[in-house]
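Engineer: File upload.cif follows (mmCIF, C-alpha atoms and all ligand atoms):
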```cif
data_input
loop_
_atom_site.label_atom_id
_atom_site.label_comp_id
_atom_site.auth_asym_id
_atom_site.auth_seq_id
_atom_site.Cartn_x
_atom_site.Cartn_y
_atom_site.Cartn_z
CA MET A 376 15.00 -8.47 -9.23
CA PHE A 377 14.10 -10.07 -5.88
CA THR A 378 14.76 -8.51 -2.50
CA THR A 379 15.51 -11.89 -1.00
CA SER A 380 16.45 -15.26 -2.37
CA ARG A 381 13.69 -16.93 -0.32
CA GLY A 382 10.44 -15.08 0.26
CA ARG A 383 8.50 -12.76 -2.00
CA PHE A 384 7.28 -9.30 -1.09
CA ILE A 385 4.05 -8.26 -2.84
CA THR A 386 2.32 -4.95 -2.15
CA PHE A 387 -1.12 -3.66 -3.08
CA GLU A 388 -1.73 0.01 -3.76
CA GLY A 389 -4.56 2.14 -5.01
CA PRO A 390 -6.81 5.07 -4.24
CA ASP A 391 -9.26 4.90 -1.33
CA GLY A 392 -12.14 2.61 -2.26
CA SER A 393 -10.27 0.91 -5.12
CA GLY A 394 -10.90 -2.55 -3.72
CA LYS A 395 -7.22 -3.31 -3.14
CA SER A 396 -7.81 -4.68 0.39
CA THR A 397 -10.31 -7.20 -0.96
CA GLN A 398 -7.80 -8.19 -3.63
CA ALA A 399 -4.98 -8.57 -1.09
CA ARG A 400 -7.21 -10.86 0.98
CA MET A 401 -8.33 -12.92 -2.00
CA LEU A 402 -4.75 -13.39 -3.13
CA ALA A 403 -3.64 -14.46 0.35
CA GLU A 404 -6.46 -17.03 0.48
CA ARG A 405 -5.63 -18.40 -2.94
CA LEU A 406 -1.93 -18.76 -2.06
CA ARG A 407 -2.75 -20.42 1.25
CA GLY A 408 -5.09 -22.76 -0.61
CA GLU A 409 -2.07 -23.82 -2.66
CA GLY A 410 -0.16 -24.53 0.54
CA ARG A 411 2.06 -21.45 0.38
CA PRO A 412 3.09 -19.76 3.64
CA VAL A 413 1.72 -16.21 3.64
CA LEU A 414 2.01 -13.23 5.95
CA GLU A 415 -0.67 -10.57 5.49
CA SER A 416 0.05 -7.05 6.61
CA ALA A 417 -1.56 -3.64 6.16
CA GLU A 418 -0.36 -0.06 6.48
CA PRO A 419 -0.65 2.15 8.31
CA GLY A 420 -0.82 -0.53 10.97
CA GLY A 421 0.47 -4.06 10.79
CA THR A 422 2.15 -4.69 14.13
CA PRO A 423 0.47 -3.85 17.47
CA ILE A 424 2.62 -0.70 17.71
CA GLY A 425 1.70 0.17 14.12
CA GLN A 426 -1.98 -0.23 15.03
CA GLN A 427 -1.60 2.39 17.76
CA ILE A 428 0.02 4.76 15.26
CA ARG A 429 -2.82 4.04 12.81
CA ARG A 430 -5.38 5.29 15.31
CA ILE A 431 -3.62 8.67 15.49
CA LEU A 432 -3.33 8.90 11.70
CA LEU A 433 -6.92 8.06 10.79
CA ASP A 434 -8.89 9.64 13.63
CA PRO A 435 -10.86 12.50 12.03
CA ALA A 436 -10.58 14.41 15.34
CA ASN A 437 -6.85 14.91 14.65
CA ARG A 438 -7.31 17.86 12.30
CA GLU A 439 -4.18 19.56 13.64
CA LEU A 440 -1.83 16.79 12.52
CA THR A 441 0.71 18.50 10.26
CA PRO A 442 1.71 17.01 6.88
CA ILE A 443 5.24 16.26 8.07
CA ALA A 444 4.04 14.70 11.32
CA GLU A 445 1.66 12.59 9.20
CA LEU A 446 4.50 11.46 6.95
CA LEU A 447 6.79 10.61 9.86
CA LEU A 448 4.06 8.60 11.59
CA MET A 449 3.46 6.62 8.37
CA PHE A 450 7.15 5.76 8.32
CA ALA A 451 7.29 5.06 12.07
CA ALA A 452 4.62 2.38 11.61
CA ARG A 453 6.43 1.11 8.50
CA ALA A 454 9.85 0.90 10.18
CA GLN A 455 8.33 -1.18 12.99
CA ASN A 456 6.56 -3.40 10.48
CA VAL A 457 9.66 -3.97 8.35
CA GLU A 458 11.83 -4.92 11.31
CA GLN A 459 9.33 -6.86 13.41
CA TRP A 460 7.26 -8.66 10.78
CA ILE A 461 8.27 -8.35 7.16
CA LEU A 462 11.99 -9.08 7.11
CA PRO A 463 11.73 -12.10 9.47
CA ALA A 464 8.86 -13.54 7.39
CA LEU A 465 10.81 -13.12 4.14
CA ALA A 466 13.83 -14.78 5.74
CA GLN A 467 11.58 -17.75 6.55
CA GLY A 468 10.58 -17.98 2.90
CA LYS A 469 7.07 -16.61 3.31
CA ILE A 470 5.14 -14.64 0.73
CA VAL A 471 4.44 -11.30 2.40
CA ILE A 472 1.40 -9.42 1.12
CA SER A 473 1.15 -5.84 2.32
CA ASP A 474 -1.95 -3.73 1.80
CA ARG A 475 -0.07 -0.45 1.08
CA PHE A 476 3.62 0.34 1.59
CA THR A 477 5.98 3.22 0.68
CA ASP A 478 4.24 3.95 -2.64
CA SER A 479 1.23 5.14 -0.58
CA SER A 480 3.47 7.72 1.06
CA VAL A 481 4.81 8.75 -2.35
CA ALA A 482 1.24 9.19 -3.58
CA TYR A 483 -0.54 10.69 -0.56
CA GLN A 484 2.18 12.61 1.30
CA GLY A 485 4.72 13.21 -1.49
CA ALA A 486 2.18 14.22 -4.14
CA GLY A 487 -1.13 14.76 -2.27
CA ARG A 488 0.38 16.86 0.51
CA GLY A 489 3.06 18.27 -1.79
CA LEU A 490 5.98 17.17 0.40
CA GLY A 491 7.89 15.93 -2.63
CA TRP A 492 9.11 12.53 -3.77
CA GLU A 493 12.69 13.10 -2.60
CA THR A 494 11.63 13.51 1.04
CA VAL A 495 9.70 10.25 0.88
CA VAL A 496 12.56 8.40 -0.78
CA GLU A 497 14.94 9.64 1.92
CA LEU A 498 12.68 8.40 4.72
CA ASP A 499 12.24 5.07 2.94
CA ARG A 500 16.02 4.71 2.94
CA ILE A 501 16.08 5.17 6.73
CA ALA A 502 12.98 3.13 7.61
CA CYS A 503 12.92 0.21 5.17
CA GLN A 504 16.48 -1.13 5.24
CA GLY A 505 16.62 -1.41 1.46
CA LEU A 506 13.44 -3.48 1.24
CA VAL A 507 11.63 -2.92 -2.07
CA PRO A 508 8.55 -4.89 -3.17
CA ASP A 509 9.20 -7.62 -5.74
CA LEU A 510 5.88 -6.69 -7.31
CA THR A 511 3.31 -3.97 -6.65
CA ILE A 512 -0.26 -4.27 -7.88
CA CYS A 513 -2.00 -0.92 -8.04
CA VAL A 514 -5.77 -1.29 -8.31
CA ASP A 515 -6.76 1.79 -10.24
CA ILE A 516 -10.06 3.62 -9.90
CA ASP A 517 -11.07 7.21 -10.55
CA SER A 518 -11.17 9.36 -7.43
CA GLU A 519 -14.93 10.03 -7.46
CA THR A 520 -15.88 6.35 -7.74
CA GLY A 521 -13.32 5.33 -5.14
CA LEU A 522 -14.38 7.92 -2.57
CA ALA A 523 -18.06 7.09 -3.08
CA ARG A 524 -17.31 3.42 -2.44
CA ALA A 525 -15.16 4.27 0.61
CA ALA A 526 -17.89 6.50 2.06
CA GLY A 527 -20.34 3.61 1.72
CA ARG A 528 -18.28 1.54 4.16
CA GLY A 529 -19.32 3.71 7.12
CA SER A 530 -15.85 3.47 8.67
CA SER A 531 -14.79 5.88 11.42
CA GLU A 532 -11.17 5.96 10.11
CA THR A 533 -11.87 8.82 7.76
CA ARG A 534 -9.32 11.59 8.38
CA LEU A 535 -7.61 11.03 5.01
CA GLU A 536 -10.73 10.09 3.09
CA GLU A 537 -12.17 13.47 4.09
CA GLN A 538 -9.43 15.42 2.30
CA ALA A 539 -10.42 17.46 -0.73
CA ILE A 540 -10.91 15.66 -4.05
CA GLU A 541 -7.82 17.46 -5.39
CA PHE A 542 -5.66 15.68 -2.78
CA HIS A 543 -6.98 12.32 -3.98
CA ARG A 544 -6.52 13.23 -7.65
CA LYS A 545 -2.88 14.11 -7.05
CA ALA A 546 -2.37 10.79 -5.27
CA ARG A 547 -3.89 8.90 -8.18
CA ASP A 548 -1.75 10.81 -10.70
CA ALA A 549 1.32 9.86 -8.67
CA TYR A 550 0.37 6.18 -8.94
CA HIS A 551 0.22 6.58 -12.73
CA GLU A 552 3.62 8.26 -12.64
CA LEU A 553 5.04 5.37 -10.60
CA ALA A 554 3.75 2.96 -13.24
CA ARG A 555 5.62 4.96 -15.91
CA ARG A 556 8.82 5.21 -13.87
CA GLU A 557 8.98 1.62 -12.63
CA PRO A 558 7.09 -0.49 -15.17
CA ARG A 559 8.74 -3.75 -14.14
CA ARG A 560 7.75 -3.51 -10.50
CA PHE A 561 4.65 -1.31 -10.44
CA HIS A 562 1.65 -2.69 -12.35
CA LEU A 563 -1.66 -0.85 -12.75
CA ILE A 564 -4.81 -2.97 -12.89
CA ASP A 565 -8.25 -1.63 -13.76
CA GLY A 566 -10.33 -1.74 -10.56
CA ARG A 567 -13.72 -1.60 -12.30
CA GLY A 568 -15.69 -4.84 -12.58
CA THR A 569 -16.36 -7.63 -10.14
CA PRO A 570 -13.91 -8.58 -7.39
CA GLU A 571 -13.51 -11.99 -9.09
CA GLY A 572 -12.76 -10.36 -12.45
CA VAL A 573 -10.12 -8.12 -10.92
CA ALA A 574 -8.69 -11.08 -8.96
CA ALA A 575 -8.21 -13.01 -12.20
CA LYS A 576 -6.14 -10.12 -13.57
CA VAL A 577 -4.15 -9.95 -10.34
CA TRP A 578 -3.39 -13.65 -10.58
CA GLU A 579 -1.98 -13.25 -14.10
CA GLU A 580 0.54 -10.81 -12.66
CA ILE A 581 1.40 -12.88 -9.59
CA ALA A 582 1.72 -16.37 -11.07
CA PRO A 583 5.07 -15.78 -12.86
CA LEU A 584 6.56 -14.42 -9.66
CA ILE A 585 5.90 -17.44 -7.49
CA THR A 586 6.46 -20.39 -9.81
P1 LIG B 601 -6.29 2.04 4.18
O1 LIG B 601 -6.48 1.43 5.53
O2 LIG B 601 -5.64 1.22 3.13
O3 LIG B 601 -7.72 2.54 3.73
P2 LIG B 601 -8.45 2.36 2.34
O4 LIG B 601 -8.87 0.93 2.27
O5 LIG B 601 -9.61 3.34 2.46
O6 LIG B 601 -7.52 2.75 1.25
O7 LIG B 601 -5.47 3.40 4.30
C1 LIG B 601 -5.93 4.40 5.15
C2 LIG B 601 -5.55 5.75 4.62
O8 LIG B 601 -4.18 6.02 4.82
C3 LIG B 601 -5.81 5.93 3.13
O9 LIG B 601 -6.55 7.13 2.96
C4 LIG B 601 -4.42 6.11 2.55
C5 LIG B 601 -3.63 6.64 3.69
N1 LIG B 601 -2.17 6.41 3.65
C6 LIG B 601 -1.32 7.49 3.42
O10 LIG B 601 -1.77 8.62 3.25
N2 LIG B 601 0.04 7.28 3.39
C7 LIG B 601 0.59 6.06 3.62
O11 LIG B 601 1.84 5.90 3.59
C8 LIG B 601 -0.30 4.95 3.87
C9 LIG B 601 0.25 3.58 4.14
C10 LIG B 601 -1.68 5.18 3.88
#
```
Produce structure tokens that represent the structure in this file.
Structural biologist:
Amino acid sequence: MFTTSRGRFITFEGPDGSGKSTQARMLAERLRGEGRPVLESAEPGGTPIGQQIRRILLDPANRELTPIAELLLMFAARAQNVEQWILPALAQGKIVISDRFTDSSVAYQGAGRGLGWETVVELDRIACQGLVPDLTICVDIDSETGLARAAGRGSSETRLEEQAIEFHRKARDAYHELARREPRRFHLIDGRGTPEGVAAKVWEEIAPLIT
């Protein structure tokens, strides 16, 4: 089941405004509090090169960015992240927590943009060197609630948030489909309720993986 005999690779997924980033942070803090070595990463972004790619992807001024260019940039950032940060950390026995990974591309570009799952799977094969999360926690929230929360953040990184509600609904449906297809790896968690309440549910999923 595990990608490596030493570290553990845990990813967080979910619609915009689901609260997954808060959960990723809370989990990292809890693990560190227990003396576990943790690497936190986020996509698109992660490495300094990934951060530069993130700026292109999320700048609302970049309206002309085509769906395929968007997909390739997501994977460019991911390839850099896998090689430079994630694989070395796993080899050192760290628990790597990534806020989004390939499942986001399945949901947003494969389903949301309609580029198809097969295209995303093919790029994953090239970019990720066979790396698959040991466990993925998908914090689930309906699209309207999620987007309202995300809008409340007042962030300037809004190019994807600004897409039509239909785009976001397709992405959410794809997450549900992933949960059906890969029930052992991909776990949906209800994102309603307090951050602490959701974190308790996240911990129930994580604890068996790291003992
Ligand atoms: P993120 O920084 O996680 O923002 P949020 O906390 O609002 O979810 O992600 C930024 C946006 O990038 C988000 O709208 C999802 C999108 N995204 C993709 O479309 N494909 C991808 O492969 C990734 C990693 C993110």
Engineer: Nearest to ligand LIG 601 (chain B) among A:Leu584, A:Leu522, A:Leu563, A:Ala466, with distances taken over all atoms listed in the file: which residue is it?
Structural biologist: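 Answer, going by the shortest atom-to-atom distance: A:Leu522.
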Engineer: Given 6 Å on each side, where is the centre and what are the edge lengths in Å to one decimal of the axis-aligned box enclosing the listed atoms of region 497-512 of chain A, as JSON?
Structural biologist:
```
{"center_x": 8.2, "center_y": 1.0, "center_z": -0.1, "size_x": 28.9, "size_y": 29.3, "size_z": 27.5}
```
Engineer: Using only C-alpha atoms and all ligand atoms, which residues of the polymer chains come no farther than 10 Å from ligand LIG 601 (chain B)? I'd like the answer as number ranges by chain.
Structural biologist: A: 387-397, 417-420, 429, 432-433, 442, 445-450, 452-453, 473-485, 487-488, 495, 521-522, 524-526, 528, 530, 532-538, 543, 546
Engineer: Work out how far apart CA of Lys469 (chain A) and CA of Asp509 (chain A) are and give it in Å to one decimal.
Structural biologist: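 That distance, rounded to one decimal, is 12.9 Å.
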Engineer: With 12 Å as the threshold, what does the neighbourhood of (13.5, -2.3, -2.0) contain in terms of residues, counting all atoms listed in the file? Coordinates are those of the file; answer as a PDB file with C-alpha atoms, keeping the file's coordinate frame.
Structural biologist:
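The new file result-v6.pdb reads:
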```
ATOM      1  CA  MET A 376      15.000  -8.470  -9.230  1.00  0.00           C
ATOM      2  CA  PHE A 377      14.100 -10.070  -5.880  1.00  0.00           C
ATOM      3  CA  THR A 378      14.760  -8.510  -2.500  1.00  0.00           C
ATOM      4  CA  THR A 379      15.510 -11.890  -1.000  1.00  0.00           C
ATOM      5  CA  ARG A 383       8.500 -12.760  -2.000  1.00  0.00           C
ATOM      6  CA  PHE A 384       7.280  -9.300  -1.090  1.00  0.00           C
ATOM      7  CA  ILE A 385       4.050  -8.260  -2.840  1.00  0.00           C
ATOM      8  CA  THR A 386       2.320  -4.950  -2.150  1.00  0.00           C
ATOM      9  CA  VAL A 457       9.660  -3.970   8.350  1.00  0.00           C
ATOM     10  CA  LEU A 462      11.990  -9.080   7.110  1.00  0.00           C
ATOM     11  CA  PHE A 476       3.620   0.340   1.590  1.00  0.00           C
ATOM     12  CA  THR A 477       5.980   3.220   0.680  1.00  0.00           C
ATOM     13  CA  ASP A 478       4.240   3.950  -2.640  1.00  0.00           C
ATOM     14  CA  VAL A 496      12.560   8.400  -0.780  1.00  0.00           C
ATOM     15  CA  ASP A 499      12.240   5.070   2.940  1.00  0.00           C
ATOM     16  CA  ARG A 500      16.020   4.710   2.940  1.00  0.00           C
ATOM     17  CA  ILE A 501      16.080   5.170   6.730  1.00  0.00           C
ATOM     18  CA  ALA A 502      12.980   3.130   7.610  1.00  0.00           C
ATOM     19  CA  CYS A 503      12.920   0.210   5.170  1.00  0.00           C
ATOM     20  CA  GLN A 504      16.480  -1.130   5.240  1.00  0.00           C
ATOM     21  CA  GLY A 505      16.620  -1.410   1.460  1.00  0.00           C
ATOM     22  CA  LEU A 506      13.440  -3.480   1.240  1.00  0.00           C
ATOM     23  CA  VAL A 507      11.630  -2.920  -2.070  1.00  0.00           C
ATOM     24  CA  PRO A 508       8.550  -4.890  -3.170  1.00  0.00           C
ATOM     25  CA  ASP A 509       9.200  -7.620  -5.740  1.00  0.00           C
ATOM     26  CA  LEU A 510       5.880  -6.690  -7.310  1.00  0.00           C
ATOM     27  CA  THR A 511       3.310  -3.970  -6.650  1.00  0.00           C
ATOM     28  CA  ARG A 560       7.750  -3.510 -10.500  1.00  0.00           C
TER      29      ARG A 560
END
```
Engineer: Which residues, protein or nucleic acid, reach to within 6 Å of (-3.6, 0.0, -10.6) in the file's coordinates when using only C-alpha atoms, and can you give that as a list in words?
Structural biologist: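 Residues with an atom close enough to that point: Cys513, Val514, Asp515, Leu563, Ile564 and Asp565 of chain A.
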Engineer: Determine the nearest neighbour of Gln459 (chain A) from the options A:Gly529, A:Gly421, A:Gly489, A:Gly382, counting all atoms listed in the file.
Structural biologist: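 Among the listed residues, A:Gly421 lies closest to Gln459 (chain A).
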Engineer: Using only C-alpha atoms, find the one residue out of A:Ala444, A:Ala574, A:Ala554, A:Ile470 that sits nearest to Arg407 (chain A).
Structural biologist: A:Ile470
Engineer: Grab the CA of Gln398 (chain A) to CA of Glu541 (chain A) distance for me, in Å with one decimal place.
Structural biologist: 25.7 Å
Engineer: Rounded to one decimal place, report the CA of Glu579 (chain A)-CA of Lys545 (chain A) distance in Å.
Structural biologist: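 Computing it gives 28.3 Å between the two atoms.
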Engineer: Pick the closest to Glu404 (chain A) from A:Ile516, A:Leu498, A:Ile472, A:Ala539: which is it, counting all atoms listed in the file?
Structural biologist: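 Looking only at the distances to Glu404 (chain A), the closest residue turns out to be A:Ile472.
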Engineer: Using all atoms listed in the file, pick whichever of A:Ile424, A:Ile581, A:Leu414, A:Ala464 has the shortest atom-to-atom distance to Arg381 (chain A).
Structural biologist: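 Selected residue with least distance to Arg381 (chain A): A:Ala464.
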